[in-house]
file final32.txt (compact mmCIF, C-alpha atoms and all ligand atoms)
# COMPACT_ATOMS: atom_id res chain seq x y z
CA MET A 678 8.93 7.48 -21.39
CA GLY A 679 10.99 6.35 -24.37
CA VAL A 680 13.00 3.16 -24.73
CA SER A 681 13.07 0.88 -21.69
CA ILE A 682 16.26 0.69 -19.60
CA LEU A 683 15.33 -2.83 -18.46
CA PRO A 684 16.41 -5.52 -18.02
CA LEU A 685 18.96 -4.67 -15.36
CA ARG A 686 21.74 -7.26 -15.33
CA LEU A 687 24.07 -8.16 -12.49
CA GLU A 688 26.94 -10.37 -13.52
CA GLY A 689 29.20 -11.92 -10.86
CA VAL A 690 28.69 -8.95 -8.56
CA THR A 691 30.69 -8.87 -5.34
CA PHE A 692 30.86 -6.20 -2.67
CA GLU A 693 33.55 -6.11 -0.03
CA ALA A 694 34.02 -3.85 2.98
CA ASP A 695 36.44 -4.12 5.89
CA GLY A 696 38.00 -7.17 4.26
CA LYS A 697 34.66 -9.03 4.30
CA ARG A 698 32.86 -10.23 1.21
CA LEU A 699 29.31 -9.12 1.91
CA ILE A 700 27.86 -9.83 -1.55
CA ASP A 701 29.42 -12.78 -3.30
CA GLY A 702 29.21 -13.55 -7.00
CA VAL A 703 25.59 -12.57 -7.58
CA THR A 704 24.20 -12.95 -11.10
CA PHE A 705 20.61 -12.25 -12.15
CA ASP A 706 18.53 -9.97 -14.32
CA LEU A 707 15.47 -7.89 -13.53
CA ARG A 708 12.87 -7.71 -16.26
CA PRO A 709 10.05 -5.23 -16.74
CA GLY A 710 6.56 -5.81 -15.43
CA THR A 711 7.10 -8.11 -12.48
CA ARG A 712 7.34 -7.28 -8.81
CA SER A 713 10.70 -8.70 -7.76
CA VAL A 714 11.22 -9.28 -4.05
CA ILE A 715 14.66 -9.76 -2.52
CA LEU A 716 13.95 -11.95 0.50
CA GLY A 717 16.30 -13.12 3.21
CA PRO A 718 17.10 -12.96 6.92
CA ASN A 719 18.50 -9.87 8.65
CA GLY A 720 22.05 -9.23 7.56
CA ALA A 721 21.78 -11.32 4.37
CA GLY A 722 22.86 -8.36 2.24
CA LYS A 723 19.46 -7.28 0.89
CA SER A 724 19.99 -3.55 1.39
CA LEU A 725 23.49 -3.74 -0.08
CA LEU A 726 22.18 -5.59 -3.12
CA LEU A 727 19.45 -2.99 -3.65
CA ARG A 728 22.01 -0.17 -3.35
CA LEU A 729 24.22 -1.92 -5.90
CA CYS A 730 21.26 -2.19 -8.28
CA HIS A 731 20.36 1.48 -7.87
CA GLY A 732 23.98 2.56 -8.30
CA LEU A 733 24.43 4.07 -4.84
CA ILE A 734 27.45 1.86 -4.23
CA ARG A 735 29.82 0.34 -6.76
CA PRO A 736 30.59 -3.35 -6.88
CA SER A 737 34.07 -4.51 -5.84
CA GLY A 738 33.89 -7.00 -8.69
CA GLY A 739 31.53 -7.94 -11.49
CA GLU A 740 29.16 -5.70 -13.37
CA VAL A 741 25.83 -3.93 -13.00
CA SER A 742 24.39 -2.83 -16.34
CA TRP A 743 21.15 -1.41 -17.69
CA ASP A 744 19.95 -2.27 -21.15
CA ALA A 745 19.88 1.35 -22.23
CA PRO A 746 21.06 3.08 -25.36
CA ARG A 747 24.32 4.98 -24.93
CA GLY A 748 23.74 8.42 -23.46
CA THR A 749 20.56 7.47 -21.57
CA GLU A 750 20.45 9.14 -18.16
CA VAL A 751 19.57 5.94 -16.29
CA SER A 752 19.59 7.69 -12.90
CA HIS A 753 16.57 9.73 -14.03
CA ARG A 754 14.59 6.60 -14.83
CA GLN A 755 14.77 4.95 -11.42
CA ALA A 756 13.98 5.96 -7.86
CA MET A 757 14.58 4.47 -4.45
CA VAL A 758 12.64 4.64 -1.21
CA PHE A 759 14.63 4.02 1.95
CA GLN A 760 13.59 2.26 5.11
CA ARG A 761 13.75 5.53 7.05
CA PRO A 762 12.75 8.27 4.64
CA VAL A 763 14.35 11.66 5.05
CA LEU A 764 11.73 14.35 4.50
CA LEU A 765 12.25 18.07 4.11
CA ARG A 766 11.11 20.38 6.89
CA ARG A 767 8.26 21.58 4.65
CA SER A 768 4.71 20.58 3.80
CA ALA A 769 3.85 17.18 2.37
CA ALA A 770 3.05 18.82 -0.99
CA ALA A 771 6.36 20.72 -1.04
CA ASN A 772 8.24 17.46 -0.45
CA VAL A 773 6.59 15.88 -3.50
CA ALA A 774 7.11 19.05 -5.58
CA TYR A 775 10.80 19.25 -4.70
CA PRO A 776 12.20 16.63 -7.12
CA LEU A 777 10.01 18.05 -9.90
CA ARG A 778 11.51 21.50 -9.29
CA LEU A 779 15.02 20.05 -9.37
CA ARG A 780 14.28 18.53 -12.78
CA GLY A 781 12.91 21.83 -14.05
CA VAL A 782 9.26 20.80 -14.41
CA PRO A 783 7.20 24.00 -14.90
CA ALA A 784 5.15 25.17 -11.91
CA ARG A 785 1.74 24.60 -13.55
CA GLU A 786 2.50 20.99 -14.40
CA ARG A 787 4.05 20.49 -10.95
CA GLY A 788 0.80 21.29 -9.16
CA GLU A 789 -1.12 18.67 -11.11
CA ARG A 790 1.47 15.97 -10.68
CA VAL A 791 1.85 16.65 -6.96
CA ALA A 792 -1.93 16.43 -6.48
CA GLU A 793 -2.04 13.16 -8.40
CA ALA A 794 0.82 11.63 -6.38
CA LEU A 795 -0.69 12.70 -3.06
CA ALA A 796 -4.06 11.27 -4.10
CA LEU A 797 -2.44 7.93 -5.04
CA ALA A 798 -0.81 7.84 -1.61
CA GLY A 799 -4.07 8.73 0.17
CA LEU A 800 -2.54 11.97 1.45
CA SER A 801 -4.61 14.64 -0.29
CA ALA A 802 -6.01 15.85 3.04
CA GLN A 803 -2.47 16.18 4.46
CA ALA A 804 -1.05 18.19 1.53
CA LYS A 805 -0.42 21.29 3.63
CA GLN A 806 0.63 19.48 6.79
CA ALA A 807 4.30 19.61 7.83
CA ALA A 808 5.81 16.41 6.46
CA ARG A 809 7.68 15.69 9.66
CA SER A 810 4.46 15.82 11.68
CA LEU A 811 2.93 12.95 9.68
CA SER A 812 2.72 9.51 11.26
CA GLY A 813 5.38 6.95 10.39
CA GLY A 814 3.10 5.21 7.91
CA GLU A 815 2.06 8.51 6.32
CA GLN A 816 5.70 9.58 6.02
CA GLN A 817 6.54 6.35 4.26
CA ARG A 818 3.58 6.83 1.88
CA LEU A 819 4.79 10.37 1.24
CA ALA A 820 8.27 9.09 0.44
CA ILE A 821 6.74 6.68 -2.09
CA ALA A 822 4.62 9.48 -3.59
CA ARG A 823 7.76 11.63 -3.90
CA ALA A 824 9.52 8.82 -5.75
CA TRP A 825 6.51 8.02 -7.94
CA VAL A 826 5.90 11.61 -9.01
CA MET A 827 9.04 11.42 -11.17
CA ALA A 828 7.39 8.59 -13.16
CA PRO A 829 10.32 6.20 -12.69
CA GLU A 830 10.46 3.11 -14.84
CA VAL A 831 11.87 1.21 -11.85
CA LEU A 832 11.11 1.82 -8.19
CA PHE A 833 13.43 0.29 -5.57
CA LEU A 834 12.04 -0.01 -2.05
CA ASP A 835 14.13 -1.10 0.93
CA GLU A 836 12.01 -2.69 3.69
CA PRO A 837 9.18 -0.24 3.05
CA THR A 838 7.09 -1.39 6.02
CA ALA A 839 9.69 -2.00 8.72
CA ASN A 840 8.53 -0.57 12.06
CA LEU A 841 4.93 -0.07 10.91
CA ASP A 842 1.86 -1.68 12.44
CA PRO A 843 -0.06 -4.20 10.31
CA ALA A 844 -2.71 -1.72 9.11
CA ALA A 845 -0.11 0.86 8.09
CA ALA A 846 1.91 -1.89 6.40
CA ARG A 847 -1.15 -2.98 4.41
CA ALA A 848 -1.70 0.60 3.28
CA ILE A 849 1.89 0.71 2.00
CA GLU A 850 1.41 -2.61 0.24
CA ALA A 851 -1.73 -1.28 -1.46
CA LEU A 852 0.21 1.81 -2.54
CA ILE A 853 3.02 -0.34 -3.95
CA ASP A 854 0.37 -2.23 -5.91
CA GLY A 855 -0.95 1.10 -7.19
CA VAL A 856 2.53 2.17 -8.28
CA HIS A 857 2.99 -1.17 -10.01
CA ALA A 858 -0.40 -0.85 -11.72
CA SER A 859 0.71 2.55 -13.04
CA GLY A 860 3.44 0.73 -14.97
CA ALA A 861 6.53 0.87 -12.75
CA LYS A 862 8.78 -2.12 -12.24
CA ILE A 863 8.97 -2.89 -8.50
CA VAL A 864 12.13 -4.18 -6.84
CA MET A 865 11.91 -4.42 -3.09
CA THR A 866 13.53 -6.07 -0.11
CA THR A 867 11.78 -7.61 2.84
CA HIS A 868 12.42 -10.14 5.56
CA ASP A 869 8.65 -10.42 6.07
CA LEU A 870 7.36 -13.67 4.60
CA GLY A 871 3.72 -12.61 4.64
CA GLN A 872 4.55 -9.48 2.71
CA ALA A 873 6.60 -11.44 0.18
CA HIS A 874 3.60 -13.77 -0.25
CA ARG A 875 1.26 -10.86 -0.84
CA LEU A 876 3.43 -8.78 -3.16
CA ALA A 877 5.97 -10.89 -5.00
CA ASP A 878 5.75 -12.14 -8.55
CA GLU A 879 9.27 -13.48 -8.23
CA ILE A 880 11.58 -14.11 -5.30
CA LEU A 881 15.32 -13.62 -5.10
CA PHE A 882 16.39 -15.44 -1.94
CA LEU A 883 19.56 -14.06 -0.45
CA HIS A 884 21.56 -15.67 2.34
CA ARG A 885 24.95 -14.49 3.64
CA GLY A 886 25.61 -12.52 0.50
CA HIS A 887 24.78 -15.41 -1.84
CA LEU A 888 21.80 -15.54 -4.15
CA LEU A 889 20.61 -19.06 -3.34
CA GLU A 890 17.36 -19.08 -5.31
CA ARG A 891 15.56 -17.06 -7.89
CA ALA A 892 12.10 -18.37 -8.67
CA GLU A 893 8.56 -17.48 -9.53
CA ALA A 894 6.90 -16.71 -6.18
CA THR A 895 4.37 -19.56 -5.97
CA ALA A 896 7.08 -22.07 -6.93
CA PHE A 897 9.44 -20.66 -4.30
CA PHE A 898 6.88 -20.88 -1.51
CA SER A 899 5.54 -24.33 -2.43
CA ASN A 900 8.82 -25.91 -3.41
CA PRO A 901 11.99 -24.19 -2.19
CA ARG A 902 15.04 -25.83 -3.68
CA THR A 903 17.62 -25.15 -0.99
CA ALA A 904 17.79 -26.24 2.65
CA GLU A 905 18.35 -22.61 3.66
CA ALA A 906 15.18 -21.40 1.93
CA SER A 907 13.18 -24.29 3.46
CA ALA A 908 14.49 -23.37 6.90
CA PHE A 909 13.72 -19.69 6.33
CA LEU A 910 10.16 -20.50 5.27
CA LYS A 911 9.71 -22.55 8.46
CA GLY A 912 11.08 -19.71 10.54
CA ASP A 913 14.15 -21.73 11.49
CA LEU A 914 16.89 -19.85 9.73
CA SER A 915 19.13 -17.67 11.79
CA TRP A 916 22.15 -15.92 10.43
N1 LIG B 1 29.93 -0.43 4.81
C1 LIG B 1 29.94 -1.61 5.44
N2 LIG B 1 31.06 -2.04 6.06
C2 LIG B 1 31.08 -3.22 6.69
N3 LIG B 1 30.03 -4.05 6.76
C3 LIG B 1 28.90 -3.68 6.17
C4 LIG B 1 28.79 -2.45 5.47
N4 LIG B 1 27.54 -2.34 5.00
C5 LIG B 1 26.90 -3.47 5.37
N5 LIG B 1 27.70 -4.27 6.08
C6 LIG B 1 27.35 -5.60 6.60
O1 LIG B 1 26.87 -6.37 5.52
C7 LIG B 1 25.86 -7.27 5.97
C8 LIG B 1 24.63 -7.13 5.09
O2 LIG B 1 24.04 -5.84 5.35
P1 LIG B 1 22.63 -5.43 4.77
O3 LIG B 1 22.28 -4.13 5.39
O4 LIG B 1 22.67 -5.48 3.29
O5 LIG B 1 21.69 -6.60 5.30
P2 LIG B 1 20.11 -6.77 5.13
O6 LIG B 1 19.88 -8.10 4.49
O7 LIG B 1 19.56 -5.58 4.48
O8 LIG B 1 19.61 -6.86 6.64
P3 LIG B 1 18.26 -6.26 7.33
O9 LIG B 1 17.18 -7.28 7.07
O10 LIG B 1 18.61 -6.26 8.78
O11 LIG B 1 17.99 -4.93 6.76
C9 LIG B 1 25.62 -6.96 7.44
O12 LIG B 1 26.31 -7.92 8.21
C10 LIG B 1 26.23 -5.58 7.61
O13 LIG B 1 26.75 -5.41 8.91
MG MG B 2 18.32 -4.03 5.08
call {"tool": "encode", "arguments": {"input": "final32.txt", "output": "structure tokens", "more": "lines below"}}
Ligand SMILES: Nc1ncnc2c1ncn2[C@@H]1O[C@H](COP(=O)(O)OP(=O)(O)OP(=O)(O)O)[C@@H](O)[C@H]1O
Ligand SMILES: [Mg+2]
result
Amino acid sequence: MGVSILPLRLEGVTFEADGKRLIDGVTFDLRPGTRSVILGPNGAGKSLLLRLCHGLIRPSGGEVSWDAPRGTEVSHRQAMVFQRPVLLRRSAAANVAYPLRLRGVPARERGERVAEALALAGLSAQAKQAARSLSGGEQQRLAIARAWVMAPEVLFLDEPTANLDPAAARAIEALIDGVHASGAKIVMTTHDLGQAHRLADEILFLHRGHLLERAEATAFFSNPRTAEASAFLKGDLSW
């Protein structure tokens, strides 16, 4: 994979739209290895922050920078999975093969990598099924397999289990663990406390566009330092 592009650094990042400051002066870094969870109530700015990290939107102020040698194609080293994945009107296998084809991976190697990604996602039996006929949970697993097949150093996931039942959500969580075990840095958003408990090594707690806390997960849950985080943990925080 070559030299790491991590850590990712955000320095005084703001994002404004319609005259509103939606992300306000956020500074942190994301280091390799850990599963970093951006936690906060609905509307806190979690999705915006993830998009800023992945480079899908540009900050209005401040800086987002990867620790990569000049000339590194950082966009090739990271992938993102959206809350509502958009799948091609083709088979599950063809969806996973698609990004490999775009990058010019030879057909023989593609087959192997697609099979491996589908197996990781527990979708080997659905390889030939039309992607859009898969269940919601299966579609989300397929979207993760499609991101993972590119061997990203960093995988961003935005609310990967929203709208899924508990069993389907657990299957996604197990898959995220599998992706992490394969060596990828995980950066994900959730408003689900249980999920943050189960998956996070570190928590970035976001509230109204401000990063209020960044802490090792067990420390955050046992000893939140802000009134807002305490209220959120008790289920009392509304926007
Ligand atoms: N392009 C935009 N123009 C104006 N407002 C926006 C824009 N994008 C996002 N917002 C607002 O910014 C705020 C944060 O949005 P964001 O989607 O990041 O929240 P979130 O924490 O991901 O919430 P959820 O948990 O519901 O997914 C919201 O109030 C949203 O309406
Ligand atoms: Mg969101």
call {"tool": "closest_residue", "arguments": {"input": "final32.txt", "among": "A:Ile821, A:Ala848, A:Leu834, A:Leu914", "to": "ligand MG 2 (chain B)", "atoms": "only C-alpha atoms and all ligand atoms"}}
result
A:Leu834
call {"tool": "residues_near_ligand", "arguments": {"input": "final32.txt", "ligand": "ligand LIG 1 (chain B)", "cutoff": "6 Å", "atoms": "only C-alpha atoms and all ligand atoms", "output": "VMD selection string"}}
result
chain A and resid 694 to 695 699 718 to 725 868
call {"tool": "atom_distance", "arguments": {"input": "final32.txt", "atom1": "atom CA of A:Ala808", "atom2": "atom CA of A:Arg728"}}
result
25.2 Å
call {"tool": "closest_residue", "arguments": {"input": "final32.txt", "among": "A:Arg712, A:Arg891, A:Arg761, A:Arg823", "to": "ligand MG 2 (chain B)", "atoms": "all atoms listed in the file"}}
result
A:Arg761
call {"tool": "closest_residue", "arguments": {"input": "final32.txt", "among": "A:Gly814, A:Gly717, A:Gly781, A:Pro837", "to": "A:Met757", "atoms": "only C-alpha atoms"}}
result
A:Pro837
call {"tool": "atom_distance", "arguments": {"input": "final32.txt", "atom1": "atom CA of A:Gly788", "atom2": "atom CA of A:Arg818"}}
result
18.4 Å
call {"tool": "atom_distance", "arguments": {"input": "final32.txt", "atom1": "atom CA of A:Thr711", "atom2": "atom CA of A:Gly855"}}
result
13.3 Å
call {"tool": "closest_residue", "arguments": {"input": "final32.txt", "among": "A:Leu683, A:Thr867, A:Arg754, A:Val714", "to": "ligand MG 2 (chain B)", "atoms": "all atoms listed in the file"}}
result
A:Thr867
call {"tool": "closest_residue", "arguments": {"input": "final32.txt", "among": "A:Val782, A:Ile715, A:Ala798, A:Leu733", "to": "A:Ala845", "atoms": "all atoms listed in the file"}}
result
A:Ala798
call {"tool": "closest_residue", "arguments": {"input": "final32.txt", "among": "A:Ser859, A:Asn772, A:Glu693, A:Arg787", "to": "A:Gln803", "atoms": "all atoms listed in the file"}}
result
A:Asn772
call {"tool": "residues_near_point", "arguments": {"input": "final32.txt", "point": "(36.0, -1.8, -5.0)", "cutoff": "8 Å", "atoms": "all atoms listed in the file", "output": "tab-separated table (two decimals) with C-alpha atoms, keeping the file's coordinate frame"}}
result
chain	number	residue	atom	x	y	z
A	692	PHE	CA	30.86	-6.20	-2.67
A	693	GLU	CA	33.55	-6.11	-0.03
A	735	ARG	CA	29.82	0.34	-6.76
A	736	PRO	CA	30.59	-3.35	-6.88
A	737	SER	CA	34.07	-4.51	-5.84
A	738	GLY	CA	33.89	-7.00	-8.69
call {"tool": "axis_aligned_box", "arguments": {"input": "final32.txt", "around": "stretch 829-845 of chain A", "padding_each_side": "4 Å", "output": "AutoDock Vina command-line options"}}
result
--center_x 5.7 --center_y 1.0 --center_z -1.2 --size_x 24.8 --size_y 18.4 --size_z 35.3
call {"tool": "residues_around", "arguments": {"input": "final32.txt", "residues": "A:Ser681", "least_positions_apart": "6", "cutoff": "9 Å", "atoms": "only C-alpha atoms", "output": "list in words"}}
result
Pro709, Asp744, Ala745 and Glu830 of chain A
call {"tool": "residues_around", "arguments": {"input": "final32.txt", "residues": "A:Leu777", "least_positions_apart": "3", "cutoff": "12 Å", "atoms": "only C-alpha atoms", "output": "ChimeraX atom specification"}}
result
/A:753,770-774,780-791,794,822-828
call {"tool": "residues_around", "arguments": {"input": "final32.txt", "residues": "A:Glu688", "least_positions_apart": "5", "cutoff": "10 Å", "atoms": "all atoms listed in the file", "output": "PyMOL selection string"}}
result
chain A and resi 702-706+738-742
